[in-house]
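Visitor: This one is run.cif, mmCIF, C-alpha atoms and all ligand atoms.
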data_start
#
loop_
_atom_site.label_atom_id
_atom_site.label_comp_id
_atom_site.auth_asym_id
_atom_site.auth_seq_id
_atom_site.Cartn_x
_atom_site.Cartn_y
_atom_site.Cartn_z
CA MET A 665 70.20 -31.41 32.47
CA THR A 666 73.98 -31.11 32.86
CA ALA A 667 75.98 -27.93 33.45
CA SER A 668 77.38 -28.19 29.93
CA ASP A 669 73.83 -28.56 28.48
CA ILE A 670 72.88 -25.37 30.28
CA ALA A 671 75.98 -23.55 29.06
CA GLU A 672 75.22 -24.65 25.49
CA ILE A 673 71.57 -23.62 25.70
CA LYS A 674 72.63 -20.24 27.12
CA GLN A 675 74.92 -19.85 24.15
CA LEU A 676 72.15 -20.81 21.71
CA LEU A 677 69.82 -18.24 23.27
CA GLN A 678 72.37 -15.44 23.11
CA THR A 679 71.47 -14.44 19.54
CA PRO A 680 67.91 -14.05 18.20
CA LYS A 681 66.49 -17.34 16.93
CA LYS A 682 63.30 -18.61 15.31
CA ILE A 683 61.72 -20.76 17.98
CA ALA A 684 58.67 -23.03 17.98
CA ILE A 685 57.23 -24.11 21.32
CA ILE A 686 55.00 -27.20 21.19
CA PRO A 687 52.61 -28.59 23.83
CA HIS A 688 50.99 -32.05 23.51
CA LYS A 689 47.70 -32.65 21.72
CA ASN A 690 44.61 -31.70 23.76
CA PRO A 691 46.77 -29.41 25.88
CA ASP A 692 45.88 -29.08 29.56
CA GLY A 693 46.69 -26.34 32.08
CA ASP A 694 50.28 -27.54 32.47
CA ALA A 695 50.95 -27.77 28.73
CA MET A 696 49.47 -24.31 28.03
CA GLY A 697 50.91 -22.67 31.16
CA SER A 698 54.42 -23.96 30.50
CA THR A 699 54.50 -23.12 26.78
CA LEU A 700 53.07 -19.63 27.33
CA ALA A 701 55.48 -18.84 30.18
CA LEU A 702 58.45 -19.97 28.10
CA TYR A 703 57.10 -17.99 25.12
CA GLN A 704 57.04 -14.77 27.17
CA TYR A 705 60.58 -15.39 28.39
CA LEU A 706 61.89 -15.96 24.86
CA ILE A 707 60.10 -12.86 23.50
CA GLN A 708 61.77 -10.78 26.22
CA LYS A 709 65.09 -12.21 25.01
CA ASN A 710 64.28 -10.91 21.50
CA HIS A 711 63.63 -14.28 19.90
CA ASP A 712 61.00 -14.83 17.24
CA ALA A 713 59.03 -17.36 19.31
CA VAL A 714 55.61 -18.91 18.65
CA VAL A 715 53.52 -21.45 20.56
CA VAL A 716 52.11 -23.97 18.08
CA SER A 717 49.44 -26.20 19.59
CA PRO A 718 48.46 -29.42 17.76
CA ASN A 719 44.78 -28.59 18.39
CA ASP A 720 42.44 -26.46 20.46
CA TYR A 721 42.44 -26.27 24.26
CA PRO A 722 39.59 -25.91 26.77
CA ASP A 723 37.74 -22.64 27.34
CA PHE A 724 38.77 -22.61 31.01
CA LEU A 725 42.30 -21.76 29.80
CA LYS A 726 41.25 -19.08 27.36
CA TRP A 727 42.17 -16.23 29.65
CA LEU A 728 45.85 -17.11 30.10
CA PRO A 729 48.14 -14.19 29.24
CA PHE A 730 49.14 -14.30 25.54
CA GLU A 731 46.94 -17.33 24.75
CA ASN A 732 45.53 -15.31 21.84
CA LYS A 733 48.97 -15.56 20.19
CA VAL A 734 48.87 -19.38 20.05
CA ILE A 735 48.72 -20.97 16.59
CA ASN A 736 46.21 -23.83 16.47
CA ALA A 737 47.70 -26.30 13.96
CA GLU A 738 44.32 -27.88 13.28
CA LYS A 739 42.91 -24.53 12.12
CA ASP A 740 46.04 -22.98 10.69
CA THR A 741 47.96 -26.01 9.42
CA GLU A 742 50.02 -24.18 6.82
CA SER A 743 51.44 -21.56 9.22
CA ALA A 744 52.03 -24.22 11.87
CA GLU A 745 54.05 -26.39 9.51
CA LYS A 746 55.98 -23.40 8.15
CA ILE A 747 56.96 -22.25 11.66
CA ILE A 748 58.20 -25.75 12.51
CA LYS A 749 60.07 -26.13 9.22
CA GLU A 750 61.84 -22.78 9.56
CA ALA A 751 62.59 -22.99 13.29
CA ASP A 752 66.19 -22.94 14.57
CA LEU A 753 65.06 -24.26 17.93
CA ILE A 754 62.03 -26.33 18.93
CA PHE A 755 60.98 -26.71 22.55
CA THR A 756 58.63 -29.64 23.23
CA LEU A 757 56.88 -29.25 26.57
CA ASP A 758 54.84 -31.60 28.77
CA PHE A 759 55.29 -34.66 26.55
CA ASN A 760 58.18 -36.91 25.62
CA HIS A 761 57.17 -38.91 22.56
CA LEU A 762 56.40 -37.34 19.18
CA SER A 763 53.26 -39.46 18.78
CA ARG A 764 51.71 -37.22 21.48
CA VAL A 765 51.39 -34.35 18.97
CA ALA A 766 49.39 -36.41 16.43
CA ASN A 767 48.89 -34.11 13.41
CA LEU A 768 52.25 -32.35 13.97
CA GLN A 769 54.30 -35.53 14.31
CA ASN A 770 55.34 -35.62 10.66
CA ALA A 771 56.37 -31.94 10.59
CA LEU A 772 58.40 -32.37 13.79
CA GLU A 773 60.11 -35.52 12.52
CA LYS A 774 61.20 -33.66 9.38
CA ALA A 775 62.28 -30.47 11.19
CA GLU A 776 65.95 -29.56 11.14
CA ALA A 777 65.85 -27.49 14.33
CA THR A 778 67.66 -28.30 17.55
CA PHE A 779 65.14 -29.87 19.94
CA ILE A 780 64.90 -29.15 23.66
CA MET A 781 62.51 -31.28 25.72
CA ILE A 782 61.16 -30.20 29.11
CA ASP A 783 58.90 -32.87 30.57
CA HIS A 784 57.92 -34.86 33.66
CA HIS A 785 56.39 -38.03 32.14
CA GLN A 786 57.92 -41.50 32.35
CA SER A 787 60.07 -43.13 29.62
CA PRO A 788 61.26 -40.17 27.54
CA ASP A 789 62.15 -40.78 23.90
CA ASP A 790 65.53 -39.57 22.65
CA TYR A 791 64.51 -37.16 19.86
CA ALA A 792 65.86 -34.04 21.59
CA SER A 793 69.44 -32.70 21.63
CA TYR A 794 68.77 -31.44 25.15
CA THR A 795 66.47 -33.41 27.42
CA TYR A 796 65.33 -32.01 30.75
CA SER A 797 63.22 -34.90 32.00
CA ASP A 798 62.34 -35.41 35.66
CA VAL A 799 59.46 -37.70 36.66
CA SER A 800 59.58 -36.49 40.25
CA MET A 801 58.41 -33.02 39.20
CA SER A 802 54.86 -31.90 39.96
CA SER A 803 54.47 -30.33 36.55
CA THR A 804 56.25 -29.09 33.47
CA CYS A 805 55.44 -25.59 34.71
CA GLN A 806 57.54 -26.16 37.82
CA MET A 807 60.33 -27.37 35.50
CA VAL A 808 60.07 -24.20 33.39
CA TYR A 809 60.65 -22.24 36.60
CA HIS A 810 63.73 -24.39 37.37
CA PHE A 811 64.88 -24.06 33.75
CA LEU A 812 64.79 -20.25 34.04
CA ASP A 813 66.64 -20.62 37.33
CA PHE A 814 69.36 -22.75 35.61
CA LEU A 815 69.72 -19.94 33.06
CA GLY A 816 69.99 -17.39 35.89
CA ASP A 817 66.88 -15.56 34.68
CA THR A 818 64.16 -15.92 37.34
CA ALA A 819 64.33 -12.14 37.74
CA MET A 820 62.73 -11.93 34.29
CA ILE A 821 59.54 -13.68 35.50
CA THR A 822 56.74 -11.17 35.04
CA LYS A 823 53.33 -11.26 36.69
CA GLU A 824 51.91 -12.77 33.48
CA MET A 825 54.58 -15.49 33.35
CA ALA A 826 54.06 -16.25 37.04
CA THR A 827 50.33 -16.56 36.33
CA CYS A 828 50.96 -19.13 33.57
CA ILE A 829 53.41 -21.16 35.68
CA TYR A 830 51.07 -21.11 38.70
CA THR A 831 48.20 -22.35 36.50
CA GLY A 832 50.11 -25.46 35.38
CA ILE A 833 51.28 -26.27 38.89
CA VAL A 834 47.79 -25.92 40.35
CA THR A 835 46.10 -28.01 37.63
CA ASP A 836 48.71 -30.81 37.55
CA THR A 837 48.85 -31.14 41.35
CA GLY A 838 45.07 -31.13 41.85
CA SER A 839 45.47 -27.87 43.77
CA PHE A 840 48.60 -29.03 45.64
CA ARG A 841 47.07 -32.30 46.86
CA PHE A 842 48.88 -34.98 44.83
CA ALA A 843 52.01 -36.70 46.15
CA SER A 844 54.10 -34.96 43.47
CA THR A 845 53.68 -31.68 45.41
CA THR A 846 56.95 -31.22 47.31
CA SER A 847 58.35 -28.50 49.53
CA THR A 848 60.26 -27.31 46.44
CA THR A 849 56.90 -26.95 44.62
CA HIS A 850 55.69 -24.74 47.46
CA HIS A 851 58.92 -22.70 47.39
CA VAL A 852 58.43 -22.15 43.66
CA VAL A 853 54.79 -21.17 44.23
CA ALA A 854 55.84 -18.74 46.97
CA SER A 855 58.17 -16.97 44.56
CA LEU A 856 55.43 -16.91 41.89
CA LEU A 857 53.15 -15.12 44.37
CA ASP A 858 56.01 -12.72 45.12
CA ARG A 859 56.27 -12.02 41.40
CA GLY A 860 52.59 -11.08 41.22
CA ALA A 861 50.58 -14.27 40.55
CA GLU A 862 47.14 -13.83 42.14
CA ASN A 863 46.22 -17.26 43.50
CA ALA A 864 42.54 -16.58 44.28
CA THR A 865 41.90 -14.97 40.88
CA ILE A 866 43.61 -17.84 39.06
CA HIS A 867 41.62 -20.52 40.93
CA GLN A 868 38.43 -18.59 40.22
CA LYS A 869 39.23 -18.38 36.49
CA ILE A 870 40.11 -22.07 36.18
CA TYR A 871 37.52 -23.71 38.38
CA ASN A 872 34.46 -21.49 38.60
CA THR A 873 33.53 -21.61 34.94
CA ASN A 874 30.92 -24.38 34.97
CA SER A 875 27.95 -24.22 32.65
CA LYS A 876 24.64 -25.77 33.75
CA SER A 877 25.00 -28.42 31.03
CA ARG A 878 28.47 -29.37 32.28
CA LEU A 879 27.21 -29.87 35.83
CA GLN A 880 24.37 -31.97 34.44
CA LEU A 881 26.87 -34.03 32.43
CA LEU A 882 28.70 -34.64 35.73
CA GLY A 883 25.36 -35.89 37.08
CA VAL A 884 25.13 -38.39 34.21
CA ALA A 885 28.75 -39.47 34.77
CA LEU A 886 28.15 -40.06 38.49
CA ASN A 887 24.99 -41.98 37.67
CA ASN A 888 27.04 -44.24 35.36
CA LEU A 889 29.63 -44.94 38.06
CA VAL A 890 30.44 -48.64 38.49
CA VAL A 891 32.21 -49.83 41.64
CA LYS A 892 34.20 -53.08 41.61
CA LYS A 893 34.58 -53.40 45.33
CA ASP A 894 36.65 -56.61 45.18
CA TYR A 895 39.26 -54.79 43.13
CA HIS A 896 39.11 -51.41 44.92
CA THR A 897 38.27 -50.01 41.50
CA ALA A 898 35.64 -47.59 40.20
CA TYR A 899 34.95 -46.48 36.66
CA ILE A 900 32.72 -44.06 34.81
CA SER A 901 31.68 -44.15 31.16
CA LEU A 902 30.19 -41.47 28.93
CA SER A 903 28.81 -42.23 25.47
CA GLN A 904 28.91 -39.79 22.57
CA GLU A 905 25.11 -39.56 22.83
CA GLU A 906 25.30 -38.52 26.48
CA LEU A 907 27.95 -35.93 25.62
CA ASN A 908 25.84 -34.57 22.76
CA GLN A 909 22.77 -34.29 24.98
CA HIS A 910 24.76 -32.02 27.30
CA ASP A 911 26.28 -29.66 24.77
CA PHE A 912 29.73 -31.17 25.35
CA LYS A 913 32.74 -28.91 24.84
CA LYS A 914 36.45 -29.73 25.14
CA GLY A 915 37.47 -29.74 28.78
CA ASP A 916 33.97 -30.47 30.15
CA THR A 917 34.97 -33.90 31.49
CA GLU A 918 38.21 -32.65 33.09
CA GLY A 919 38.42 -33.94 36.65
CA PHE A 920 35.42 -36.31 36.43
CA VAL A 921 37.69 -39.33 36.90
CA ASN A 922 38.69 -38.07 40.36
CA TYR A 923 35.16 -38.64 41.70
CA GLY A 924 35.75 -42.40 41.42
CA LEU A 925 38.96 -42.01 43.36
CA SER A 926 37.20 -40.02 46.09
CA LEU A 927 35.19 -43.10 47.11
CA LYS A 928 36.34 -44.62 50.38
CA GLY A 929 38.61 -47.61 49.79
CA ILE A 930 39.06 -47.03 46.05
CA LYS A 931 42.63 -47.25 44.73
CA PHE A 932 42.06 -47.29 40.98
CA ALA A 933 39.64 -45.10 39.01
CA LEU A 934 38.99 -44.72 35.30
CA ILE A 935 36.77 -42.84 32.91
CA PHE A 936 35.94 -44.12 29.42
CA ILE A 937 34.78 -41.39 27.04
CA GLU A 938 33.46 -42.17 23.58
CA ASN A 939 34.79 -39.94 20.78
CA LYS A 940 32.92 -40.77 17.57
CA ASP A 941 34.85 -38.15 15.53
CA GLU A 942 38.16 -39.85 16.23
CA GLY A 943 36.65 -43.35 16.35
CA ILE A 944 38.21 -44.03 19.74
CA ILE A 945 37.41 -44.37 23.41
CA LYS A 946 39.63 -41.96 25.36
CA ILE A 947 40.55 -43.33 28.76
CA SER A 948 41.83 -41.50 31.83
CA LEU A 949 43.30 -43.56 34.65
CA ARG A 950 44.09 -42.48 38.20
CA SER A 951 45.37 -44.30 41.28
CA ILE A 952 46.24 -43.77 44.90
CA GLY A 953 49.43 -45.28 46.30
CA ASP A 954 51.72 -47.54 44.33
CA PHE A 955 49.30 -49.04 41.78
CA ASP A 956 51.02 -48.00 38.54
CA VAL A 957 48.47 -46.68 36.02
CA ASN A 958 51.24 -45.58 33.64
CA SER A 959 52.25 -49.19 33.17
CA PHE A 960 48.57 -50.29 33.00
CA ALA A 961 47.79 -47.69 30.29
CA ARG A 962 50.94 -48.61 28.36
CA THR A 963 50.23 -52.36 28.49
CA HIS A 964 46.53 -52.32 27.67
CA PHE A 965 45.49 -48.99 26.16
CA SER A 966 48.39 -47.63 24.01
CA GLY A 967 48.93 -44.84 26.49
CA GLY A 968 51.14 -43.70 29.33
CA GLY A 969 51.68 -40.87 31.79
CA HIS A 970 52.67 -41.08 35.43
CA THR A 971 52.34 -43.68 38.20
CA ASN A 972 49.17 -42.10 39.59
CA ALA A 973 47.73 -40.38 36.48
CA ALA A 974 47.77 -41.69 32.94
CA GLY A 975 45.78 -41.74 29.74
CA GLY A 976 45.21 -44.07 26.84
CA LYS A 977 42.75 -45.07 24.15
CA SER A 978 40.89 -48.02 22.68
CA ASP A 979 39.74 -48.62 19.12
CA LEU A 980 36.92 -50.95 20.24
CA SER A 981 33.36 -49.75 20.91
CA LEU A 982 32.55 -48.35 24.34
CA THR A 983 30.80 -51.56 25.44
CA LYS A 984 33.59 -53.79 24.13
CA THR A 985 36.28 -51.60 25.72
CA ILE A 986 34.62 -51.89 29.10
CA LEU A 987 34.14 -55.65 28.67
CA ALA A 988 37.82 -55.99 27.78
CA PHE A 989 38.76 -53.91 30.82
CA GLU A 990 36.62 -56.08 33.11
CA LYS A 991 38.46 -59.15 31.80
CA ILE A 992 41.87 -57.56 32.45
CA LEU A 993 41.04 -56.42 35.98
CA PRO A 994 41.24 -59.87 37.71
CA HIS A 995 44.89 -60.16 36.62
CA TYR A 996 45.63 -57.21 38.89
CA LYS A 997 43.71 -58.46 41.92
CA LYS A 998 46.84 -59.04 43.97
CA GLU A 999 48.25 -55.55 43.34
CA LEU A 1000 44.88 -53.91 43.94
CA THR A 1001 44.10 -55.70 47.17
CA SER A 1002 47.55 -55.80 48.78
P1 LIG B 1 44.49 -37.18 31.32
O1 LIG B 1 43.85 -38.43 31.80
O2 LIG B 1 44.26 -36.02 32.22
O3 LIG B 1 44.23 -36.91 29.86
O4 LIG B 1 46.06 -37.46 31.36
C1 LIG B 1 46.72 -37.91 32.52
C2 LIG B 1 48.20 -37.96 32.28
O5 LIG B 1 48.50 -38.96 31.30
C3 LIG B 1 48.77 -36.66 31.71
O6 LIG B 1 50.04 -36.46 32.26
C4 LIG B 1 48.84 -36.90 30.23
O7 LIG B 1 49.86 -36.16 29.64
C5 LIG B 1 49.09 -38.40 30.14
N1 LIG B 1 48.39 -38.97 28.97
C6 LIG B 1 47.08 -38.81 28.65
N2 LIG B 1 46.76 -39.48 27.54
C7 LIG B 1 47.89 -40.10 27.12
C8 LIG B 1 48.21 -40.94 26.00
O8 LIG B 1 47.37 -41.29 25.17
N3 LIG B 1 49.50 -41.36 25.92
C9 LIG B 1 50.46 -41.03 26.83
N4 LIG B 1 51.70 -41.49 26.68
N5 LIG B 1 50.18 -40.23 27.89
C10 LIG B 1 48.93 -39.77 28.04
MN MN B 2 52.02 -32.04 32.98
#
Could you write out this file's structure as structure tokens?
Ligand code: 5GP
Ligand code: MN
Guide:
Amino acid sequence: MTASDIAEIKQLLQTPKKIAIIPHKNPDGDAMGSTLALYQYLIQKNHDAVVVSPNDYPDFLKWLPFENKVINAEKDTESAEKIIKEADLIFTLDFNHLSRVANLQNALEKAEATFIMIDHHQSPDDYASYTYSDVSMSSTCQMVYHFLDFLGDTAMITKEMATCIYTGIVTDTGSFRFASTTSTTHHVVASLLDRGAENATIHQKIYNTNSKSRLQLLGVALNNLVVKKDYHTAYISLSQEELNQHDFKKGDTEGFVNYGLSLKGIKFALIFIENKDEGIIKISLRSIGDFDVNSFARTHFSGGGHTNAAGGKSDLSLTKTILAFEKILPHYKKELTS
């Protein structure tokens, strides 16, 4: 983001505007934390701002300050499309390609608003007038903090905003353990604590919300774990039937893929999750070191993300998807064993 971009955005925000703030579909802690923090900032600046989410988000985020103000476009399609149509400004956060908003893609493509993108994924598209894209960032939440800093407004960060920003940083960094966590991330976190974010309470609210059925689903997932020792790879699969048997709710499989990665010697871990409603297999990919799962997801599973964390999908059945994956794997033997 250049100095002149910042000056222009400052100018745009000087008079009250109608603003839509959009996270990606199936929003995670970073997408919800960043949109809700930005929302609270814009409201303080007297804008008519609304967070419009393409669909619902997990229960473990349903305590975030102001989350009750979010419009769920799947439930309230008419209002969602109206807000987007009438917006002067549209912020898109934590994604960089309009296909990532699925049901809202059409409305966004037709919108006449000025677009501002804030995102840390690879290969940004060029739909926005102002693009703040930085793949070295731990999270979009950290970028929202920097964005407020560029605008000279970090003093406006309330306890509730700090709570939202902290949530996205903690969830996207695996509680500060991934390589994307830098000293700058920790400096930002320190100032969030100074502004009132309560780290222990936030961790408690995000992570200690398991139901018995979710823990038992984790048991099934671990039981289904397959280790391909020759390729330093491990994967888990969950069928729709297994999900149904454990009262599956959105967000229940969050983090399961990391168990594969926690095995000694494993560099590449995946989880394949059947979604009969959407007729797809949703795939999460994780790696340690320089094995690039963003490129793997892009090449084979119509997806993307970051070097060490990406997602994608397959239109084949669960069994056929896994068979296809097993056929692809040998082509990567050199990269996985070097
Ligand atoms: P997760 O596996 O937790 O859903 O996603 C891991 C990372 O990959 C996140 O940064 C997420 O935004 C990104 N991601 C997940 N699914 C997709 C997808 O289908 N397409 C793209 N481009 N990115 C994805
Ligand atoms: Mn993110």
Visitor: Which residues are near segment 695-704 of chain A? Cut-off 8 Å, only C-alpha atoms, ignore same chain within fewer than 3 positions. Put them as a VMD selection string.
Guide: chain A and resid 685 to 688 691 to 692 707 to 708 713 to 715 725 728 to 731 757 to 758 804 to 805 808 824 to 826 828 to 832
Visitor: Would you mind listing the residues within 6 Å of ligand LIG 1 (chain B), counting all atoms listed in the file, as a list in words?
Guide: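 I would give the residues around ligand LIG 1 (chain B) as Ser948, Leu949, Gly967, Gly968, Gly969, Ala973, Ala974, Gly975 and Gly976 of chain A.
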Visitor: For each of A:Val834, A:Leu857, A:Ala864, A:Val891, take the minimum atom-to-atom distance to ligand MN 2 (chain B), counting only C-alpha atoms and all ligand atoms, then give the residue where this is smallest.
Guide: A:Val834
Visitor: Of the residues A:Leu815, A:Leu980, A:Met801, A:Leu768, which is the one nearest to Ser668 of chain A, using only C-alpha atoms?
Guide: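 Once distances to Ser668 of chain A are computed over only C-alpha atoms, the minimum belongs to A:Leu815.
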Visitor: Using all atoms listed in the file for the distances, tell me which of A:Leu907, A:Leu881, A:Met807, A:Ile866 is nearest to Thr848 of chain A.
Guide: A:Met807
Visitor: List as a PyMOL selection string the residues having at least one atom at most 12 Å from position (64.3, -14.8, 24.8) as given in the file, counting all atoms listed in the file.
Guide: chain A and resi 673-683+701-714+753+812+815+817+820-821
Visitor: What is the distance, in Å and to one decimal place, between atom CA of Thr827 of chain A and atom CA of Thr845 of chain A?
Guide: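 Between atom CA of Thr827 of chain A and atom CA of Thr845 of chain A the gap is 18.0 Å.
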Visitor: When you count only C-alpha atoms, which of these residues is closest to Asp798 of chain A: A:Arg764, A:His850, A:His810, A:Lys977?
Guide: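 Closest to Asp798 of chain A, using only C-alpha atoms: A:His810.
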Visitor: Within 9 Å of segment 992-997 of chain A, counting only C-alpha atoms, which residues show up once you throw out same-chain ones fewer than 2 positions away? Write them as a VMD selection string, please.
Guide: chain A and resid 894 to 897 964 987 to 990 999 to 1002
Visitor: Which value, in Å to one decimal, gives the distance between atom CA of Phe932 of chain A and atom CA of Ser951 of chain A?
Guide: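 Separation of atom CA of Phe932 of chain A and atom CA of Ser951 of chain A: 4.5 Å.
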Visitor: If we count all atoms listed in the file, what is near Asp858 of chain A at a cut-off of 12 Å, once residues fewer than 2 positions away on the same chain are taken out, given as JSON, numbers by chain?
Guide: {"A": [818, 819, 821, 822, 823, 826, 827, 830, 851, 852, 853, 854, 855, 856, 860, 861, 862, 863]}
Visitor: Would you mind reading off the distance between atom CA of Pro722 of chain A and atom CA of Lys876 of chain A, one decimal, in Å?
Guide: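 Pair atom CA of Pro722 of chain A / atom CA of Lys876 of chain A returns 16.5 Å.
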Visitor: Smallest atom-to-atom distance to ligand MN 2 (chain B): which of A:Asp694, A:Glu938, A:Asp979, A:Asp954, using all atoms listed in the file?
Guide: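 Between A:Asp694, A:Glu938, A:Asp979, A:Asp954, the residue approaching ligand MN 2 (chain B) most closely is A:Asp694.
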